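Visitor: Below is one structure. I have some questions about it.
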Amino acid sequence: MAARFGRRLRKGAATTAVAAAAVAALAASQAPGVTTDDQGRQATGAQSTPETTGNVSGDDTATGNGGYYTDLPPLNSPTESPAPSATPTTGPSGTGQGGIPATVLDAYQKAAAELQTSKPGCNLPWQLLAAIGQVESGQAEGGRVDADGTTYTKILGPVLNGNGFASIKDTDNGAYDGDSTYDRAVGPMQFIPSTWAWAGRDGNGDGVKDPNNVYDAALATAHYLCRADRDLSVQADMNAAILSYNNSQDYLNTVLSWYEYYRKGTHSIPDGTGTLPSHRSDRNSGASPDPKPRKTSRPSTSKPDGGTTSPTPTPPPPSKPTTPTPPAPTPTDTVDHLADSGTGQLSAKTGDTFDRKVVVKAVTKAGKAVPKVRVRFAIMGDTDTTFTGGETVATVVTDSSGKATAPALVAGQKTGGFTVRALVVGRTITGLDYSATVAERQADTLVRTSDTELTCTPGGEFADQVEVKATYKGAVADGVAATATLVKSADDPTENDKGPYFKDASGKTVRTLTGLKTDADGLLKLPKLYADDTTGTFLLRITTAGGATLTVELKVAAADSSPSPSPSPSPSPSPSPSS
């Protein structure tokens, strides 16, 4: 980071008291359970468990108890938000020290989101992954990762040969760390090969578990921390999880310091623009990148009287000023803007999948396509529309033609407009906004499915239920909202207060039904109808979104009680004439 806590304490006339006061000031904003003594040392309320007692061997931890960056966050923390935000602000706002490279930040958030689904009881905050990533590798060496999240060069910890560290013989035949004699921690989250063998995860969905990929490593770290049914909202569990990663009290204190710092706000910065920390616990140990070596003095010489004298230090020869070589630009660095690539009009009916997708193209200033660039699509506005899979944010890598196609949009039940925004991950260039609309499903025709006359006696129940079919431009109109009302007359659509009625769930009289919808076949079958003691002809009016209307007659009449006419008696046969 640009501001170095340790460096500030060594500037000027900093005394031990000043240093202790500075650390105490930092500790005032740390996590619950972190305290600072009068010498500026921090301690936590970690409970004694097999992972926190100091009896953990190097190969029982994720990192083999290897080295780590000891730089502490600045005292002037970012502006604290009312509550920790799940989505940090983007763009140039905020302090430089609080910035996390965009792809690395995306990996932390995706890993934490996956744990919310697979292990919700763990309550893993993404800021804890960010704190560990800062301490282990300086956020993948300042975000030096490609579009897929893989580091441009391997990040290797010191050789674990027992010289100041645990002794861990080779377990991967050098496949991950290039060392076939001893193991070394590998990647942005510094897993030793023997731990990666069982803890590794495929976080970016490419079918490979690669410790050098920040998506894979972040997801593996998330699952590693959430072992043993831990609840990381409990401070003792969080402490135990961190110590299981690297069993060092100083390591715990450093991670908790960064965790609290990130909880108070952070922002996305372009990949490759982060500043690597400068102080390590394993300097001169062969870690990558190699820390600056300590200065050494010439050996003492003997005096004639048997004593020794220290030679006058020889100043090093002046070095010629060198111009630092700028890092090679990543594909993301070359993007000038996003261009539309034939998206077209975005519209759909409620519940439907949009027939068009958002397609953008990443191009250079000269108009050349840029492949392997991460583009983030986000749905914005008051809508329940999502991408396929239920997400509202999706990240896609541009193909060989520079194009990125967002997942299909699936309309919810809310109608109206919203926006789909496309941004280049890791750049602050202006994105593209696309307007989209969700319209209500409609019907233009309603017909009864039966021509049976609907009749009932007073106080009785209609024998047949009303069923109608809705169509729109001749096609089945499914999912169309409808209303059914018993109206006073053909010219008066207000609700009738007598005559036929429906019943609600509690058996009460209801003469207007709302919230009705046609089924997949466009059919709508109304509940049973009942009659009060009023006789006559009544009207039931059904209307749908889109303006389709159907009026149905209902007749209530008393049963005919007049006696049936008796059949006429058969005439008596005429007497035969007498002979």
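So you can find residues: chains in the structure tokens are A, B, ... in the order shown, residues in each start at 1, and ligands are numbered from 1 in order.
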Can you pull out the residues contacting Val424 (chain A)? Cut-off 7 Å, using only C-alpha atoms, and skip same-chain residues under 4 positions away; I want them as a PyMOL selection string.
Guide: chain A and resi 374-376
Visitor: Using C-alpha atoms, can you export the residues from the last selection as a PDB file, in the first residue's frame?
Guide:
```pdb
ATOM      1  CA  ARG A 374     -13.933  -8.863 -18.217  1.00  0.00           C
ATOM      2  CA  VAL A 375     -17.204  -7.014 -18.762  1.00  0.00           C
ATOM      3  CA  ARG A 376     -19.700  -6.694 -15.929  1.00  0.00           C
TER       4      ARG A 376
END
```
Visitor: Taking the DSSP secondary structure from the backbone, can you list the residues of region 100-175 of chain A that are alpha helix (DSSP H), as a VMD selection string?
Guide: chain A and resid 102 to 118 126 to 143
Visitor: May I have the residues within 10 Å of region 536-553 of chain A as a PyMOL selection string, using only C-alpha atoms and disregarding those fewer than 5 positions away in the same chain?
Guide: chain A and resi 440-448+453-455+458+466+468+470-472+480-490+493+495-496+498-501+511-513+516-518+526+558
Visitor: Kindly save the residues from that selection, with N, CA and C atoms included, as a tab-separated table (two decimals), in the first residue's frame.
Guide:
```tsv
chain	number	residue	atom	x	y	z
A	440	GLU	N	-47.16	-5.77	-19.35
A	440	GLU	CA	-48.13	-6.71	-18.82
A	440	GLU	C	-48.63	-7.62	-19.94
A	441	ARG	N	-48.87	-8.87	-19.63
A	441	ARG	CA	-49.41	-9.81	-20.60
A	441	ARG	C	-50.85	-9.42	-20.91
A	442	GLN	N	-51.28	-9.56	-22.15
A	442	GLN	CA	-52.57	-9.04	-22.57
A	442	GLN	C	-53.40	-10.10	-23.30
A	443	ALA	N	-54.71	-9.82	-23.34
A	443	ALA	CA	-55.65	-10.60	-24.15
A	443	ALA	C	-56.56	-9.63	-24.87
A	444	ASP	N	-56.92	-9.97	-26.10
A	444	ASP	CA	-57.86	-9.11	-26.83
A	444	ASP	C	-59.21	-9.80	-27.07
A	445	THR	N	-59.31	-11.07	-26.69
A	445	THR	CA	-60.56	-11.80	-26.89
A	445	THR	C	-60.81	-12.75	-25.73
A	446	LEU	N	-62.05	-12.80	-25.25
A	446	LEU	CA	-62.49	-13.75	-24.24
A	446	LEU	C	-63.74	-14.45	-24.73
A	447	VAL	N	-63.76	-15.77	-24.60
A	447	VAL	CA	-64.97	-16.52	-24.96
A	447	VAL	C	-65.20	-17.60	-23.92
A	448	ARG	N	-66.51	-17.95	-23.75
A	448	ARG	CA	-66.82	-19.06	-22.85
A	448	ARG	C	-66.46	-20.37	-23.54
A	453	GLU	N	-76.61	-22.82	-20.44
A	453	GLU	CA	-77.26	-21.72	-19.73
A	453	GLU	C	-76.99	-21.85	-18.23
A	454	LEU	N	-76.65	-20.74	-17.60
A	454	LEU	CA	-76.30	-20.73	-16.18
A	454	LEU	C	-77.52	-20.31	-15.38
A	455	THR	N	-78.14	-21.24	-14.69
A	455	THR	CA	-79.37	-20.96	-13.92
A	455	THR	C	-79.24	-21.52	-12.52
A	458	PRO	N	-83.40	-19.56	-6.08
A	458	PRO	CA	-83.03	-18.69	-4.97
A	458	PRO	C	-82.43	-19.48	-3.81
A	466	VAL	N	-68.23	-20.97	-14.32
A	466	VAL	CA	-67.92	-20.18	-15.52
A	466	VAL	C	-66.46	-20.42	-15.89
A	468	VAL	N	-63.64	-19.46	-19.13
A	468	VAL	CA	-63.42	-18.69	-20.34
A	468	VAL	C	-62.02	-18.97	-20.87
A	470	ALA	N	-58.81	-17.06	-23.05
A	470	ALA	CA	-58.28	-15.77	-23.51
A	470	ALA	C	-57.30	-16.00	-24.65
A	471	THR	N	-57.36	-15.15	-25.65
A	471	THR	CA	-56.39	-15.17	-26.75
A	471	THR	C	-55.91	-13.76	-27.03
A	472	TYR	N	-54.74	-13.69	-27.65
A	472	TYR	CA	-54.18	-12.38	-28.05
A	472	TYR	C	-53.68	-12.52	-29.48
A	480	VAL	N	-52.43	-14.02	-18.17
A	480	VAL	CA	-53.04	-12.70	-18.28
A	480	VAL	C	-53.87	-12.42	-17.03
A	481	ALA	N	-53.67	-11.24	-16.45
A	481	ALA	CA	-54.43	-10.85	-15.26
A	481	ALA	C	-55.88	-10.55	-15.63
A	482	ALA	N	-56.79	-10.94	-14.76
A	482	ALA	CA	-58.21	-10.75	-15.04
A	482	ALA	C	-58.96	-10.38	-13.76
A	483	THR	N	-60.14	-9.78	-13.97
A	483	THR	CA	-61.03	-9.41	-12.87
A	483	THR	C	-62.45	-9.86	-13.23
A	484	ALA	N	-63.19	-10.38	-12.25
A	484	ALA	CA	-64.58	-10.79	-12.46
A	484	ALA	C	-65.47	-10.05	-11.47
A	485	THR	N	-66.50	-9.37	-11.98
A	485	THR	CA	-67.38	-8.56	-11.13
A	485	THR	C	-68.84	-8.81	-11.50
A	486	LEU	N	-69.68	-9.00	-10.50
A	486	LEU	CA	-71.13	-9.06	-10.71
A	486	LEU	C	-71.63	-7.63	-10.73
A	487	VAL	N	-71.98	-7.11	-11.93
A	487	VAL	CA	-72.30	-5.70	-12.10
A	487	VAL	C	-73.81	-5.48	-12.03
A	488	LYS	N	-74.18	-4.21	-11.88
A	488	LYS	CA	-75.61	-3.88	-11.73
A	488	LYS	C	-76.35	-3.98	-13.05
A	489	SER	N	-75.70	-3.54	-14.14
A	489	SER	CA	-76.36	-3.62	-15.44
A	489	SER	C	-75.31	-3.50	-16.53
A	490	ALA	N	-75.77	-3.65	-17.77
A	490	ALA	CA	-74.83	-3.53	-18.89
A	490	ALA	C	-74.25	-2.13	-18.98
A	493	PRO	N	-71.31	-0.49	-14.54
A	493	PRO	CA	-70.34	-1.52	-14.18
A	493	PRO	C	-70.03	-1.61	-12.70
A	495	GLU	N	-70.42	-2.65	-8.77
A	495	GLU	CA	-70.72	-3.96	-8.19
A	495	GLU	C	-72.17	-4.03	-7.70
A	496	ASN	N	-72.84	-5.12	-8.03
A	496	ASN	CA	-74.20	-5.34	-7.56
A	496	ASN	C	-74.17	-5.74	-6.09
A	498	LYS	N	-76.77	-7.38	-4.70
A	498	LYS	CA	-77.72	-8.49	-4.52
A	498	LYS	C	-77.61	-9.43	-5.70
A	499	GLY	N	-78.21	-10.58	-5.56
A	499	GLY	CA	-78.15	-11.56	-6.63
A	499	GLY	C	-77.00	-12.55	-6.42
A	500	PRO	N	-76.51	-13.18	-7.49
A	500	PRO	CA	-75.45	-14.19	-7.38
A	500	PRO	C	-74.18	-13.63	-6.72
A	501	TYR	N	-73.42	-14.54	-6.15
A	501	TYR	CA	-72.19	-14.12	-5.46
A	501	TYR	C	-71.22	-15.30	-5.39
A	511	ARG	N	-68.48	-10.33	-4.40
A	511	ARG	CA	-69.04	-10.14	-5.73
A	511	ARG	C	-68.02	-9.56	-6.73
A	512	THR	N	-66.77	-9.40	-6.28
A	512	THR	CA	-65.67	-8.99	-7.18
A	512	THR	C	-64.46	-9.85	-6.88
A	513	LEU	N	-63.89	-10.46	-7.91
A	513	LEU	CA	-62.67	-11.27	-7.77
A	513	LEU	C	-61.54	-10.59	-8.52
A	516	LEU	N	-56.90	-12.62	-10.61
A	516	LEU	CA	-57.08	-13.84	-11.40
A	516	LEU	C	-56.08	-13.86	-12.54
A	517	LYS	N	-55.69	-15.06	-12.99
A	517	LYS	CA	-54.78	-15.18	-14.13
A	517	LYS	C	-55.15	-16.40	-14.96
A	518	THR	N	-55.01	-16.24	-16.27
A	518	THR	CA	-55.25	-17.39	-17.15
A	518	THR	C	-54.09	-18.37	-17.01
A	526	LEU	N	-63.65	-19.82	-13.03
A	526	LEU	CA	-64.03	-19.09	-11.83
A	526	LEU	C	-64.55	-20.04	-10.76
A	558	ALA	N	-87.41	-19.14	-9.40
A	558	ALA	CA	-88.00	-20.15	-8.54
A	558	ALA	C	-88.35	-21.38	-9.37
```
Visitor: Need the shell around Thr171 (chain A): protein/DNA/RNA residues with any atom at most 9 Å away, counting only C-alpha atoms. Skip same-chain ones fewer than 4 positions apart. Format as JSON, numbers by chain?
Guide: {"A": [180, 181, 182, 183, 193, 194]}
Visitor: With C-alpha atoms retained, could you export that selection as a PDB file, in the first residue's frame?
Guide:
```pdb
ATOM      1  CA  SER A 180      10.581 -31.306  -5.860  1.00  0.00           C
ATOM      2  CA  THR A 181      12.453 -31.315  -2.524  1.00  0.00           C
ATOM      3  CA  TYR A 182      10.406 -29.083  -0.240  1.00  0.00           C
ATOM      4  CA  ASP A 183       6.967 -27.481  -0.487  1.00  0.00           C
ATOM      5  CA  PRO A 193       0.396 -28.025  -2.132  1.00  0.00           C
ATOM      6  CA  SER A 194      -0.586 -30.635   0.473  1.00  0.00           C
TER       7      SER A 194
END
```
Visitor: Pick out the closest residue to Lys110 (chain A) from this set: A:Thr334, A:Thr395, A:Thr452, A:Asn123. Count only C-alpha atoms.
Guide: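 Nearest to Lys110 (chain A): A:Thr395.
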Visitor: Calculate how many Å separate CA of Ala220 (chain A) from CA of Gly200 (chain A), rounding to one decimal.
Guide: 5.2 Å
Visitor: Restricting the calculation to only C-alpha atoms, which member of A:Lys154, A:Lys119, A:Lys403, A:Lys525 is positioned closest to Pro371 (chain A)?
Guide: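 Nearest to Pro371 (chain A): A:Lys403.
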Visitor: Residues within 8 Å of Ile242 (chain A), please, as JSON, numbers by chain. Count only C-alpha atoms; anything in the same chain fewer than 3 positions from it doesn't count.
Guide: {"A": [225, 238, 239, 245, 246, 247, 252, 255]}
Visitor: Please produce, as JSON lines, a per-residue contact table for region 103-216 of chain A versus region 68-74 of chain A (criterion: any atom at most 10 Å away, only C-alpha atoms considered), showing the nearest atom pair and its distance in Å to one decimal, sorted by chain then residue number.
Guide:
```
{"residue": "A:Ile132", "atom": "CA", "partner": "A:Tyr68", "partner_atom": "CA", "distance": 9.5}
{"residue": "A:Gly133", "atom": "CA", "partner": "A:Tyr69", "partner_atom": "CA", "distance": 9.9}
{"residue": "A:Gln134", "atom": "CA", "partner": "A:Tyr69", "partner_atom": "CA", "distance": 7.7}
{"residue": "A:Val135", "atom": "CA", "partner": "A:Tyr69", "partner_atom": "CA", "distance": 4.9}
{"residue": "A:Glu136", "atom": "CA", "partner": "A:Tyr68", "partner_atom": "CA", "distance": 5.1}
{"residue": "A:Ser137", "atom": "CA", "partner": "A:Tyr69", "partner_atom": "CA", "distance": 7.2}
{"residue": "A:Gly138", "atom": "CA", "partner": "A:Tyr69", "partner_atom": "CA", "distance": 7.3}
{"residue": "A:Gly157", "atom": "CA", "partner": "A:Tyr68", "partner_atom": "CA", "distance": 8.4}
{"residue": "A:Pro158", "atom": "CA", "partner": "A:Tyr68", "partner_atom": "CA", "distance": 9.9}
{"residue": "A:Gln190", "atom": "CA", "partner": "A:Tyr68", "partner_atom": "CA", "distance": 9.1}
```
Visitor: Rounded to one decimal place, report the CA of Ala348 (chain A)-CA of Leu524 (chain A) distance in Å.
Guide: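 The value is 22.5 Å.
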Visitor: Quick one: of A:Ala147, A:Ala241, A:Val159, A:Val358, who's nearest to Leu128 (chain A), counting only C-alpha atoms?
Guide: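 The shortest atom-to-atom distance to Leu128 (chain A) comes from A:Ala241.
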Visitor: In terms of the shortest atom-to-atom distance over only C-alpha atoms, which of A:Ile429, A:Val397, A:Ile100, A:Ile379 is closest to Thr275 (chain A)?
Guide: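 Using only C-alpha atoms, the shortest distance to Thr275 (chain A) belongs to A:Ile100.
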